[in-house]
file work.pdb (PDB, N, CA and C atoms, pLDDT in the B column)
MODEL        1
ATOM      1  N   MET A   1    -199.816   4.906 143.823  1.00 72.00           N
ATOM      2  CA  MET A   1    -200.259   5.616 142.644  1.00 72.00           C
ATOM      3  C   MET A   1    -200.406   4.636 141.492  1.00 72.00           C
ATOM      4  N   ALA A   2    -201.259   5.013 140.577  1.00 80.00           N
ATOM      5  CA  ALA A   2    -201.500   4.189 139.396  1.00 80.00           C
ATOM      6  C   ALA A   2    -200.333   4.305 138.428  1.00 80.00           C
ATOM      7  N   ASP A   3    -200.180   3.299 137.573  1.00 85.00           N
ATOM      8  CA  ASP A   3    -199.192   3.388 136.507  1.00 85.00           C
ATOM      9  C   ASP A   3    -199.642   4.472 135.533  1.00 85.00           C
ATOM     10  N   VAL A   4    -198.701   5.248 135.060  1.00 85.00           N
ATOM     11  CA  VAL A   4    -198.990   6.335 134.133  1.00 85.00           C
ATOM     12  C   VAL A   4    -198.173   6.100 132.878  1.00 85.00           C
ATOM     13  N   GLU A   5    -198.833   6.087 131.744  1.00 87.00           N
ATOM     14  CA  GLU A   5    -198.111   5.952 130.481  1.00 87.00           C
ATOM     15  C   GLU A   5    -197.985   7.352 129.884  1.00 87.00           C
ATOM     16  N   LEU A   6    -196.822   7.930 130.053  1.00 88.00           N
ATOM     17  CA  LEU A   6    -196.551   9.284 129.584  1.00 88.00           C
ATOM     18  C   LEU A   6    -195.885   9.190 128.225  1.00 88.00           C
ATOM     19  N   THR A   7    -196.631   9.529 127.195  1.00 92.00           N
ATOM     20  CA  THR A   7    -196.103   9.457 125.833  1.00 92.00           C
ATOM     21  C   THR A   7    -195.981  10.860 125.247  1.00 92.00           C
ATOM     22  N   SER A   8    -195.224  10.960 124.190  1.00 92.00           N
ATOM     23  CA  SER A   8    -195.105  12.247 123.493  1.00 92.00           C
ATOM     24  C   SER A   8    -196.467  12.731 123.024  1.00 92.00           C
ATOM     25  N   GLN A   9    -197.319  11.805 122.607  1.00 94.00           N
ATOM     26  CA  GLN A   9    -198.652  12.178 122.119  1.00 94.00           C
ATOM     27  C   GLN A   9    -199.512  12.759 123.244  1.00 94.00           C
ATOM     28  N   VAL A  10    -199.459  12.166 124.427  1.00 94.00           N
ATOM     29  CA  VAL A  10    -200.215  12.685 125.571  1.00 94.00           C
ATOM     30  C   VAL A  10    -199.747  14.100 125.898  1.00 94.00           C
ATOM     31  N   ILE A  11    -198.448  14.302 125.933  1.00 94.00           N
ATOM     32  CA  ILE A  11    -197.889  15.620 126.241  1.00 94.00           C
ATOM     33  C   ILE A  11    -198.324  16.640 125.192  1.00 94.00           C
ATOM     34  N   GLU A  12    -198.223  16.272 123.936  1.00 95.00           N
ATOM     35  CA  GLU A  12    -198.618  17.173 122.853  1.00 95.00           C
ATOM     36  C   GLU A  12    -200.108  17.501 122.925  1.00 95.00           C
ATOM     37  N   ASP A  13    -200.945  16.510 123.205  1.00 96.00           N
ATOM     38  CA  ASP A  13    -202.389  16.741 123.310  1.00 96.00           C
ATOM     39  C   ASP A  13    -202.718  17.739 124.416  1.00 96.00           C
ATOM     40  N   ILE A  14    -202.044  17.606 125.551  1.00 95.00           N
ATOM     41  CA  ILE A  14    -202.281  18.530 126.669  1.00 95.00           C
ATOM     42  C   ILE A  14    -201.839  19.940 126.286  1.00 95.00           C
ATOM     43  N   GLN A  15    -200.669  20.063 125.692  1.00 95.00           N
ATOM     44  CA  GLN A  15    -200.189  21.381 125.271  1.00 95.00           C
ATOM     45  C   GLN A  15    -201.149  22.024 124.273  1.00 95.00           C
ATOM     46  N   GLN A  16    -201.630  21.245 123.325  1.00 95.00           N
ATOM     47  CA  GLN A  16    -202.547  21.774 122.324  1.00 95.00           C
ATOM     48  C   GLN A  16    -203.884  22.179 122.940  1.00 95.00           C
ATOM     49  N   ALA A  17    -204.346  21.427 123.933  1.00 96.00           N
ATOM     50  CA  ALA A  17    -205.606  21.786 124.597  1.00 96.00           C
ATOM     51  C   ALA A  17    -205.499  23.157 125.256  1.00 96.00           C
ATOM     52  N   VAL A  18    -204.383  23.420 125.923  1.00 96.00           N
ATOM     53  CA  VAL A  18    -204.181  24.733 126.550  1.00 96.00           C
ATOM     54  C   VAL A  18    -204.046  25.796 125.471  1.00 96.00           C
ATOM     55  N   GLN A  19    -203.294  25.504 124.428  1.00 96.00           N
ATOM     56  CA  GLN A  19    -203.053  26.499 123.392  1.00 96.00           C
ATOM     57  C   GLN A  19    -204.304  26.811 122.567  1.00 96.00           C
ATOM     58  N   ARG A  20    -205.283  25.927 122.563  1.00 96.00           N
ATOM     59  CA  ARG A  20    -206.562  26.259 121.927  1.00 96.00           C
ATOM     60  C   ARG A  20    -207.271  27.363 122.710  1.00 96.00           C
ATOM     61  N   GLN A  21    -207.104  27.353 124.030  1.00 95.00           N
ATOM     62  CA  GLN A  21    -207.713  28.369 124.880  1.00 95.00           C
ATOM     63  C   GLN A  21    -206.860  29.639 124.957  1.00 95.00           C
ATOM     64  N   VAL A  22    -205.548  29.464 124.951  1.00 96.00           N
ATOM     65  CA  VAL A  22    -204.590  30.576 125.072  1.00 96.00           C
ATOM     66  C   VAL A  22    -203.553  30.378 123.969  1.00 96.00           C
ATOM     67  N   PRO A  23    -203.846  30.863 122.762  1.00 95.00           N
ATOM     68  CA  PRO A  23    -202.976  30.581 121.617  1.00 95.00           C
ATOM     69  C   PRO A  23    -201.509  30.971 121.808  1.00 95.00           C
ATOM     70  N   GLU A  24    -201.236  31.997 122.584  1.00 95.00           N
ATOM     71  CA  GLU A  24    -199.852  32.439 122.758  1.00 95.00           C
ATOM     72  C   GLU A  24    -199.134  31.711 123.896  1.00 95.00           C
ATOM     73  N   ALA A  25    -199.780  30.726 124.489  1.00 95.00           N
ATOM     74  CA  ALA A  25    -199.213  30.031 125.651  1.00 95.00           C
ATOM     75  C   ALA A  25    -197.948  29.267 125.265  1.00 95.00           C
ATOM     76  N   GLY A  26    -196.869  29.603 125.966  1.00 94.00           N
ATOM     77  CA  GLY A  26    -195.628  28.843 125.830  1.00 94.00           C
ATOM     78  C   GLY A  26    -195.584  27.762 126.901  1.00 94.00           C
ATOM     79  N   ASP A  27    -194.456  27.098 127.008  1.00 94.00           N
ATOM     80  CA  ASP A  27    -194.321  26.000 127.963  1.00 94.00           C
ATOM     81  C   ASP A  27    -194.613  26.428 129.402  1.00 94.00           C
ATOM     82  N   ALA A  28    -194.120  27.610 129.798  1.00 96.00           N
ATOM     83  CA  ALA A  28    -194.326  28.062 131.182  1.00 96.00           C
ATOM     84  C   ALA A  28    -195.809  28.250 131.489  1.00 96.00           C
ATOM     85  N   VAL A  29    -196.550  28.796 130.544  1.00 96.00           N
ATOM     86  CA  VAL A  29    -197.988  29.004 130.756  1.00 96.00           C
ATOM     87  C   VAL A  29    -198.716  27.664 130.781  1.00 96.00           C
ATOM     88  N   VAL A  30    -198.328  26.750 129.915  1.00 96.00           N
ATOM     89  CA  VAL A  30    -198.943  25.416 129.923  1.00 96.00           C
ATOM     90  C   VAL A  30    -198.714  24.749 131.280  1.00 96.00           C
ATOM     91  N   MET A  31    -197.505  24.870 131.824  1.00 96.00           N
ATOM     92  CA  MET A  31    -197.226  24.285 133.144  1.00 96.00           C
ATOM     93  C   MET A  31    -198.061  24.945 134.233  1.00 96.00           C
ATOM     94  N   GLN A  32    -198.279  26.261 134.134  1.00 96.00           N
ATOM     95  CA  GLN A  32    -199.139  26.940 135.108  1.00 96.00           C
ATOM     96  C   GLN A  32    -200.560  26.401 135.034  1.00 96.00           C
ATOM     97  N   TYR A  33    -201.054  26.170 133.822  1.00 96.00           N
ATOM     98  CA  TYR A  33    -202.388  25.595 133.668  1.00 96.00           C
ATOM     99  C   TYR A  33    -202.451  24.201 134.289  1.00 96.00           C
ATOM    100  N   LEU A  34    -201.418  23.404 134.071  1.00 96.00           N
ATOM    101  CA  LEU A  34    -201.396  22.057 134.654  1.00 96.00           C
ATOM    102  C   LEU A  34    -201.428  22.130 136.179  1.00 96.00           C
ATOM    103  N   ALA A  35    -200.662  23.059 136.757  1.00 96.00           N
ATOM    104  CA  ALA A  35    -200.660  23.222 138.214  1.00 96.00           C
ATOM    105  C   ALA A  35    -202.033  23.680 138.702  1.00 96.00           C
ATOM    106  N   ALA A  36    -202.658  24.592 137.964  1.00 97.00           N
ATOM    107  CA  ALA A  36    -203.985  25.070 138.353  1.00 97.00           C
ATOM    108  C   ALA A  36    -205.022  23.951 138.271  1.00 97.00           C
ATOM    109  N   VAL A  37    -204.933  23.136 137.233  1.00 96.00           N
ATOM    110  CA  VAL A  37    -205.855  21.996 137.094  1.00 96.00           C
ATOM    111  C   VAL A  37    -205.650  21.018 138.244  1.00 96.00           C
ATOM    112  N   LEU A  38    -204.405  20.765 138.600  1.00 96.00           N
ATOM    113  CA  LEU A  38    -204.104  19.887 139.734  1.00 96.00           C
ATOM    114  C   LEU A  38    -204.772  20.410 141.005  1.00 96.00           C
ATOM    115  N   GLY A  39    -204.555  21.681 141.302  1.00 96.00           N
ATOM    116  CA  GLY A  39    -205.163  22.259 142.491  1.00 96.00           C
ATOM    117  C   GLY A  39    -206.673  22.203 142.460  1.00 96.00           C
ATOM    118  N   TYR A  40    -207.257  22.504 141.309  1.00 96.00           N
ATOM    119  CA  TYR A  40    -208.711  22.464 141.150  1.00 96.00           C
ATOM    120  C   TYR A  40    -209.252  21.057 141.380  1.00 96.00           C
ATOM    121  N   MET A  41    -208.614  20.075 140.760  1.00 95.00           N
ATOM    122  CA  MET A  41    -209.109  18.700 140.877  1.00 95.00           C
ATOM    123  C   MET A  41    -208.983  18.173 142.300  1.00 95.00           C
ATOM    124  N   VAL A  42    -207.892  18.499 142.979  1.00 95.00           N
ATOM    125  CA  VAL A  42    -207.743  18.076 144.375  1.00 95.00           C
ATOM    126  C   VAL A  42    -208.846  18.710 145.223  1.00 95.00           C
ATOM    127  N   ALA A  43    -209.087  19.991 145.019  1.00 94.00           N
ATOM    128  CA  ALA A  43    -210.121  20.685 145.800  1.00 94.00           C
ATOM    129  C   ALA A  43    -211.505  20.090 145.584  1.00 94.00           C
ATOM    130  N   LYS A  44    -211.759  19.546 144.395  1.00 94.00           N
ATOM    131  CA  LYS A  44    -213.084  19.005 144.064  1.00 94.00           C
ATOM    132  C   LYS A  44    -213.275  17.546 144.496  1.00 94.00           C
ATOM    133  N   GLN A  45    -212.233  16.910 145.007  1.00 89.00           N
ATOM    134  CA  GLN A  45    -212.341  15.511 145.409  1.00 89.00           C
ATOM    135  C   GLN A  45    -213.162  15.380 146.684  1.00 89.00           C
ATOM    136  N   ARG A  46    -214.342  14.889 146.559  1.00 87.00           N
ATOM    137  CA  ARG A  46    -215.227  14.715 147.715  1.00 87.00           C
ATOM    138  C   ARG A  46    -214.805  13.512 148.576  1.00 87.00           C
ATOM    139  N   ALA A  47    -214.144  12.536 147.954  1.00 91.00           N
ATOM    140  CA  ALA A  47    -213.752  11.331 148.680  1.00 91.00           C
ATOM    141  C   ALA A  47    -212.518  11.555 149.544  1.00 91.00           C
ATOM    142  N   ILE A  48    -211.845  12.677 149.349  1.00 91.00           N
ATOM    143  CA  ILE A  48    -210.630  12.968 150.113  1.00 91.00           C
ATOM    144  C   ILE A  48    -210.929  14.114 151.065  1.00 91.00           C
ATOM    145  N   PRO A  49    -210.751  13.889 152.352  1.00 92.00           N
ATOM    146  CA  PRO A  49    -211.026  14.962 153.314  1.00 92.00           C
ATOM    147  C   PRO A  49    -210.181  16.208 153.021  1.00 92.00           C
ATOM    148  N   HIS A  50    -210.779  17.355 153.238  1.00 92.00           N
ATOM    149  CA  HIS A  50    -210.092  18.627 153.016  1.00 92.00           C
ATOM    150  C   HIS A  50    -208.743  18.664 153.743  1.00 92.00           C
ATOM    151  N   SER A  51    -208.697  18.072 154.913  1.00 93.00           N
ATOM    152  CA  SER A  51    -207.465  18.076 155.706  1.00 93.00           C
ATOM    153  C   SER A  51    -206.334  17.288 155.042  1.00 93.00           C
ATOM    154  N   ASP A  52    -206.644  16.445 154.051  1.00 95.00           N
ATOM    155  CA  ASP A  52    -205.631  15.644 153.362  1.00 95.00           C
ATOM    156  C   ASP A  52    -205.199  16.247 152.019  1.00 95.00           C
ATOM    157  N   HIS A  53    -205.803  17.354 151.635  1.00 95.00           N
ATOM    158  CA  HIS A  53    -205.495  17.949 150.325  1.00 95.00           C
ATOM    159  C   HIS A  53    -204.027  18.348 150.205  1.00 95.00           C
ATOM    160  N   GLU A  54    -203.478  18.978 151.221  1.00 95.00           N
ATOM    161  CA  GLU A  54    -202.081  19.419 151.149  1.00 95.00           C
ATOM    162  C   GLU A  54    -201.147  18.218 150.996  1.00 95.00           C
ATOM    163  N   ALA A  55    -201.402  17.158 151.731  1.00 95.00           N
ATOM    164  CA  ALA A  55    -200.560  15.961 151.641  1.00 95.00           C
ATOM    165  C   ALA A  55    -200.641  15.348 150.247  1.00 95.00           C
ATOM    166  N   LEU A  56    -201.825  15.345 149.658  1.00 95.00           N
ATOM    167  CA  LEU A  56    -201.982  14.798 148.310  1.00 95.00           C
ATOM    168  C   LEU A  56    -201.210  15.647 147.302  1.00 95.00           C
ATOM    169  N   ILE A  57    -201.308  16.962 147.407  1.00 96.00           N
ATOM    170  CA  ILE A  57    -200.563  17.828 146.489  1.00 96.00           C
ATOM    171  C   ILE A  57    -199.059  17.627 146.669  1.00 96.00           C
ATOM    172  N   GLN A  58    -198.596  17.457 147.895  1.00 96.00           N
ATOM    173  CA  GLN A  58    -197.171  17.199 148.130  1.00 96.00           C
ATOM    174  C   GLN A  58    -196.749  15.872 147.500  1.00 96.00           C
ATOM    175  N   GLU A  59    -197.589  14.855 147.630  1.00 95.00           N
ATOM    176  CA  GLU A  59    -197.275  13.551 147.037  1.00 95.00           C
ATOM    177  C   GLU A  59    -197.205  13.655 145.512  1.00 95.00           C
ATOM    178  N   LEU A  60    -198.143  14.376 144.923  1.00 95.00           N
ATOM    179  CA  LEU A  60    -198.132  14.558 143.479  1.00 95.00           C
ATOM    180  C   LEU A  60    -196.939  15.398 143.029  1.00 95.00           C
ATOM    181  N   SER A  61    -196.535  16.355 143.837  1.00 95.00           N
ATOM    182  CA  SER A  61    -195.356  17.162 143.534  1.00 95.00           C
ATOM    183  C   SER A  61    -194.099  16.293 143.542  1.00 95.00           C
ATOM    184  N   LYS A  62    -194.005  15.391 144.493  1.00 94.00           N
ATOM    185  CA  LYS A  62    -192.866  14.459 144.530  1.00 94.00           C
ATOM    186  C   LYS A  62    -192.853  13.571 143.292  1.00 94.00           C
ATOM    187  N   PHE A  63    -194.032  13.140 142.876  1.00 93.00           N
ATOM    188  CA  PHE A  63    -194.134  12.317 141.673  1.00 93.00           C
ATOM    189  C   PHE A  63    -193.669  13.118 140.457  1.00 93.00           C
ATOM    190  N   ALA A  64    -194.058  14.392 140.368  1.00 94.00           N
ATOM    191  CA  ALA A  64    -193.626  15.248 139.263  1.00 94.00           C
ATOM    192  C   ALA A  64    -192.102  15.384 139.267  1.00 94.00           C
ATOM    193  N   TRP A  65    -191.510  15.523 140.453  1.00 93.00           N
ATOM    194  CA  TRP A  65    -190.054  15.631 140.564  1.00 93.00           C
ATOM    195  C   TRP A  65    -189.384  14.337 140.102  1.00 93.00           C
ATOM    196  N   TYR A  66    -189.972  13.191 140.449  1.00 91.00           N
ATOM    197  CA  TYR A  66    -189.460  11.889 140.019  1.00 91.00           C
ATOM    198  C   TYR A  66    -189.451  11.814 138.494  1.00 91.00           C
ATOM    199  N   VAL A  67    -190.535  12.229 137.868  1.00 90.00           N
ATOM    200  CA  VAL A  67    -190.626  12.217 136.403  1.00 90.00           C
ATOM    201  C   VAL A  67    -189.577  13.159 135.813  1.00 90.00           C
ATOM    202  N   CYS A  68    -189.444  14.345 136.390  1.00 92.00           N
ATOM    203  CA  CYS A  68    -188.463  15.323 135.915  1.00 92.00           C
ATOM    204  C   CYS A  68    -187.051  14.741 135.951  1.00 92.00           C
ATOM    205  N   ARG A  69    -186.705  14.098 137.047  1.00 91.00           N
ATOM    206  CA  ARG A  69    -185.366  13.491 137.161  1.00 91.00           C
ATOM    207  C   ARG A  69    -185.167  12.408 136.122  1.00 91.00           C
ATOM    208  N   ASP A  70    -186.188  11.574 135.912  1.00 89.00           N
ATOM    209  CA  ASP A  70    -186.067  10.505 134.923  1.00 89.00           C
ATOM    210  C   ASP A  70    -185.850  11.058 133.524  1.00 89.00           C
ATOM    211  N   VAL A  71    -186.672  12.051 133.149  1.00 88.00           N
ATOM    212  CA  VAL A  71    -186.570  12.613 131.809  1.00 88.00           C
ATOM    213  C   VAL A  71    -185.240  13.351 131.646  1.00 88.00           C
ATOM    214  N   ALA A  72    -184.833  14.104 132.652  1.00 90.00           N
ATOM    215  CA  ALA A  72    -183.558  14.828 132.587  1.00 90.00           C
ATOM    216  C   ALA A  72    -182.379  13.855 132.519  1.00 90.00           C
ATOM    217  N   GLY A  73    -182.570  12.653 133.049  1.00 88.00           N
ATOM    218  CA  GLY A  73    -181.535  11.639 133.011  1.00 88.00           C
ATOM    219  C   GLY A  73    -181.394  10.971 131.658  1.00 88.00           C
ATOM    220  N   GLY A  74    -182.203  11.394 130.701  1.00 70.00           N
ATOM    221  CA  GLY A  74    -182.063  10.889 129.345  1.00 70.00           C
ATOM    222  C   GLY A  74    -183.096   9.860 128.940  1.00 70.00           C
ATOM    223  N   GLN A  75    -183.995   9.512 129.842  1.00 58.00           N
ATOM    224  CA  GLN A  75    -185.000   8.534 129.473  1.00 58.00           C
ATOM    225  C   GLN A  75    -186.115   9.235 128.709  1.00 58.00           C
ATOM    226  N   ALA A  76    -186.576   8.580 127.666  1.00 54.00           N
ATOM    227  CA  ALA A  76    -187.722   9.105 126.932  1.00 54.00           C
ATOM    228  C   ALA A  76    -188.971   8.897 127.766  1.00 54.00           C
ATOM    229  N   PRO A  77    -190.022   9.685 127.531  1.00 53.00           N
ATOM    230  CA  PRO A  77    -191.274   9.436 128.251  1.00 53.00           C
ATOM    231  C   PRO A  77    -191.685   7.973 128.090  1.00 53.00           C
ATOM    232  N   ALA A  78    -192.090   7.386 129.174  1.00 53.00           N
ATOM    233  CA  ALA A  78    -192.446   5.968 129.176  1.00 53.00           C
ATOM    234  C   ALA A  78    -193.435   5.725 130.301  1.00 53.00           C
ATOM    235  N   GLU A  79    -193.802   4.463 130.437  1.00 49.00           N
ATOM    236  CA  GLU A  79    -194.703   4.127 131.532  1.00 49.00           C
ATOM    237  C   GLU A  79    -193.994   4.317 132.854  1.00 49.00           C
ATOM    238  N   LEU A  80    -194.626   5.005 133.763  1.00 49.00           N
ATOM    239  CA  LEU A  80    -194.042   5.278 135.073  1.00 49.00           C
ATOM    240  C   LEU A  80    -194.856   4.614 136.163  1.00 49.00           C
TER
ENDMDL
END
call {"tool": "encode", "arguments": {"input": "work.pdb", "output": "structure tokens"}}
result
Amino acid sequence: MADVELTSQVIEDIQQAVQRQVPEAGDAVVMQYLAAVLGYMVAKQRAIPHSDHEALIQELSKFAWYVCRDVAGGQAPAEL
């Protein structure tokens, strides 16, 4: 996977983008939108065979869990 620079500004920008479309969206709704975007983007990848979509989503889910553990461990958002 590529290096990802996860900053407070990136997180805020994503939240605001969802809230422009759904003004009452709280954190849970924003996360649902992120999951839906993930699924949509994987489905649209022409370079990745359909048979590999589930494996890619599982890999990305593991990456999300890794980030969650890091942040919960007290680290501020940083390059991952």
call {"tool": "atom_distance", "arguments": {"input": "work.pdb", "atom1": "atom N of A:Gln45", "atom2": "atom CA of A:Asp3"}}
result
20.6 Å
call {"tool": "atom_distance", "arguments": {"input": "work.pdb", "atom1": "atom N of A:Lys44", "atom2": "atom C of A:Glu59"}}
result
15.7 Å
call {"tool": "select_by_dssp", "arguments": {"input": "work.pdb", "residues": "chain A", "states": "alpha helix (DSSP H)", "output": "ChimeraX atom specification"}}
result
/A:8-21,27-44,53-72
call {"tool": "atom_distance", "arguments": {"input": "work.pdb", "atom1": "atom CA of A:Val30", "atom2": "atom CA of A:Ala47"}}
result
27.7 Å
call {"tool": "closest_residue", "arguments": {"input": "work.pdb", "among": "A:Arg46, A:Ser61, A:Leu34, A:Gly74", "to": "A:Ala17", "atoms": "only C-alpha atoms"}}
result
A:Leu34
call {"tool": "axis_aligned_box", "arguments": {"input": "work.pdb", "around": "stretch 15-23 of chain A", "padding_each_side": "8 Å", "output": "AutoDock Vina command-line options"}}
result
--center_x -204.0 --center_y 25.5 --center_z 124.1 --size_x 23.5 --size_y 26.9 --size_z 20.9
call {"tool": "residues_around", "arguments": {"input": "work.pdb", "residues": "A:Ala43", "least_positions_apart": "4", "cutoff": "8 Å", "atoms": "only C-alpha atoms", "output": "PyMOL selection string"}}
result
chain A and resi 39+50+53
